[in-house]
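Working notes, beginning with the structure itself.
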Amino acid sequence: QAWNAHMPGKYRDMLFGIAAEEFGHIEMLATMVAQLLEKAPLGITDDAAQSDPAVAAVIGGTGMQQAIVAGAGARPPDSNGNPWQGSYVTASGNLLADFTANANAEMQGRHQVARLYHMTDDHGVRDMLSFLLAR
């Protein structure tokens, strides 16, 4: 969006700043996922599948690319599993339209972070997610 802002100054600079902040959020989340996966067990017990809905989902066929494509490491897909790319970034050259699209994306992202926050009882994960919710 900043590249497409045709006037120099504070609004273009603000768009560059927003982009840098968003990449920082991606880095935080990817690092969190990588750290959580670092000591993930290689084997799954029946008890784990019964007591953990995430494990049950993986055993049921969800998220296998995490293990196969990324070697159980962090991947950069969007919330629907699509690989990151720029096609869903609105960069129209219309500052108001672009900021409106950004606000919508921010609301969607915040809602998903809130869902993750309520799905975990890990204190470290909750601390990081609460920072993202409060920013």
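Each chain in the structure tokens gets a letter, A, B, ..., in the order shown, and its residues are numbered from 1; ligands are numbered from 1 in order too.
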For region 84-91 of chain A, please output as a PyMOL selection string all residues within 8 Å (counting only C-alpha atoms; exclusion window: fewer than 5 positions along the same chain). chain A and resi 1+4+76-78+98+101-102
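Closest approach to Met107 (chain A) among A:Leu133, A:Ala19, A:Asp121, A:Arg75 is made by A:Leu133 (distances from only C-alpha atoms).
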For the contact check between region 90-128 of chain A and region 23-31 of chain A, emit one row per residue of region 90-128 of chain A within 10 Å, containing the shortest atom pair and the distance in Å rounded to one decimal, counting only C-alpha atoms, chain then rising number order, as a Markdown table.
```
| residue | atom | partner | partner_atom | distance |
| --- | --- | --- | --- | --- |
| A:Val113 | CA | A:Leu29 | CA | 9.9 |
| A:Val125 | CA | A:Leu29 | CA | 9.5 |
| A:Met128 | CA | A:Met28 | CA | 8.1 |
```
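For the pair CA of Ala20 (chain A) and CA of Asp122 (chain A), the separation is 27.6 Å.
For the atom pair formed by CA of Asp52 (chain A) and CA of Met32 (chain A), the distance is 19.0 Å, given to one decimal.
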For Ser130 (chain A), work out the shell of residues within 9 Å, counting only C-alpha atoms and skipping chain neighbours fewer than 4 positions away, then give it as a PyMOL selection string. chain A and resi 113-114+117+125-126+134-135
How would the residues just chosen look if you wrote them out with all heavy atoms as a CSV table (one decimal), in the first residue's frame?
```
chain,number,residue,atom,x,y,z
A,113,VAL,N,-7.0,-14.3,17.1
A,113,VAL,CA,-6.1,-14.3,18.2
A,113,VAL,C,-6.9,-14.6,19.5
A,113,VAL,O,-6.5,-15.3,20.4
A,113,VAL,CB,-5.3,-13.0,18.3
A,113,VAL,CG1,-4.5,-13.0,19.6
A,113,VAL,CG2,-4.3,-13.0,17.1
A,114,ALA,N,-8.1,-13.9,19.6
A,114,ALA,CA,-8.9,-14.1,20.8
A,114,ALA,C,-9.4,-15.6,20.9
A,114,ALA,O,-9.4,-16.1,22.0
A,114,ALA,CB,-10.1,-13.2,20.8
A,117,TYR,N,-6.5,-17.5,22.2
A,117,TYR,CA,-6.3,-17.2,23.6
A,117,TYR,C,-7.2,-18.1,24.5
A,117,TYR,O,-6.7,-18.7,25.5
A,117,TYR,CB,-6.5,-15.8,23.8
A,117,TYR,CG,-6.3,-15.4,25.3
A,117,TYR,CD1,-5.1,-15.0,25.7
A,117,TYR,CD2,-7.4,-15.4,26.2
A,117,TYR,CE1,-4.9,-14.6,27.1
A,117,TYR,CE2,-7.2,-15.0,27.5
A,117,TYR,CZ,-5.9,-14.6,27.9
A,117,TYR,OH,-5.8,-14.3,29.3
A,125,VAL,N,2.0,-18.8,26.0
A,125,VAL,CA,1.2,-18.6,24.8
A,125,VAL,C,0.2,-17.5,25.1
A,125,VAL,O,0.0,-16.5,24.4
A,125,VAL,CB,0.5,-19.9,24.3
A,125,VAL,CG1,-0.4,-19.6,23.2
A,125,VAL,CG2,1.6,-20.8,23.8
A,126,ARG,N,-0.5,-17.6,26.3
A,126,ARG,CA,-1.5,-16.6,26.6
A,126,ARG,C,-0.8,-15.2,26.8
A,126,ARG,O,-1.5,-14.2,26.4
A,126,ARG,CB,-2.2,-17.0,27.9
A,126,ARG,CG,-3.3,-18.0,27.7
A,126,ARG,CD,-4.1,-18.3,28.9
A,126,ARG,NE,-5.5,-18.5,28.4
A,126,ARG,CZ,-6.6,-18.2,29.0
A,126,ARG,NH1,-6.5,-17.7,30.2
A,126,ARG,NH2,-7.7,-18.5,28.5
A,134,ALA,N,-3.9,-6.7,22.9
A,134,ALA,CA,-3.8,-5.3,23.5
A,134,ALA,C,-3.2,-4.3,22.6
A,134,ALA,O,-3.4,-3.1,22.8
A,134,ALA,CB,-3.1,-5.4,24.9
A,135,ARG,N,-2.4,-4.7,21.7
A,135,ARG,CA,-1.6,-3.7,20.9
A,135,ARG,C,-2.6,-2.8,20.2
A,135,ARG,O,-3.0,-2.2,19.6
A,135,ARG,CB,-0.7,-4.4,19.9
A,135,ARG,CG,-1.5,-5.0,18.7
A,135,ARG,CD,-0.8,-6.0,17.9
A,135,ARG,NE,-1.4,-6.6,16.8
A,135,ARG,CZ,-2.7,-6.8,16.5
A,135,ARG,NH1,-3.6,-6.3,17.3
A,135,ARG,NH2,-3.1,-7.3,15.4
```
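Note that CA of Asn104 (chain A) and CA of Met7 (chain A) are 23.7 Å apart.
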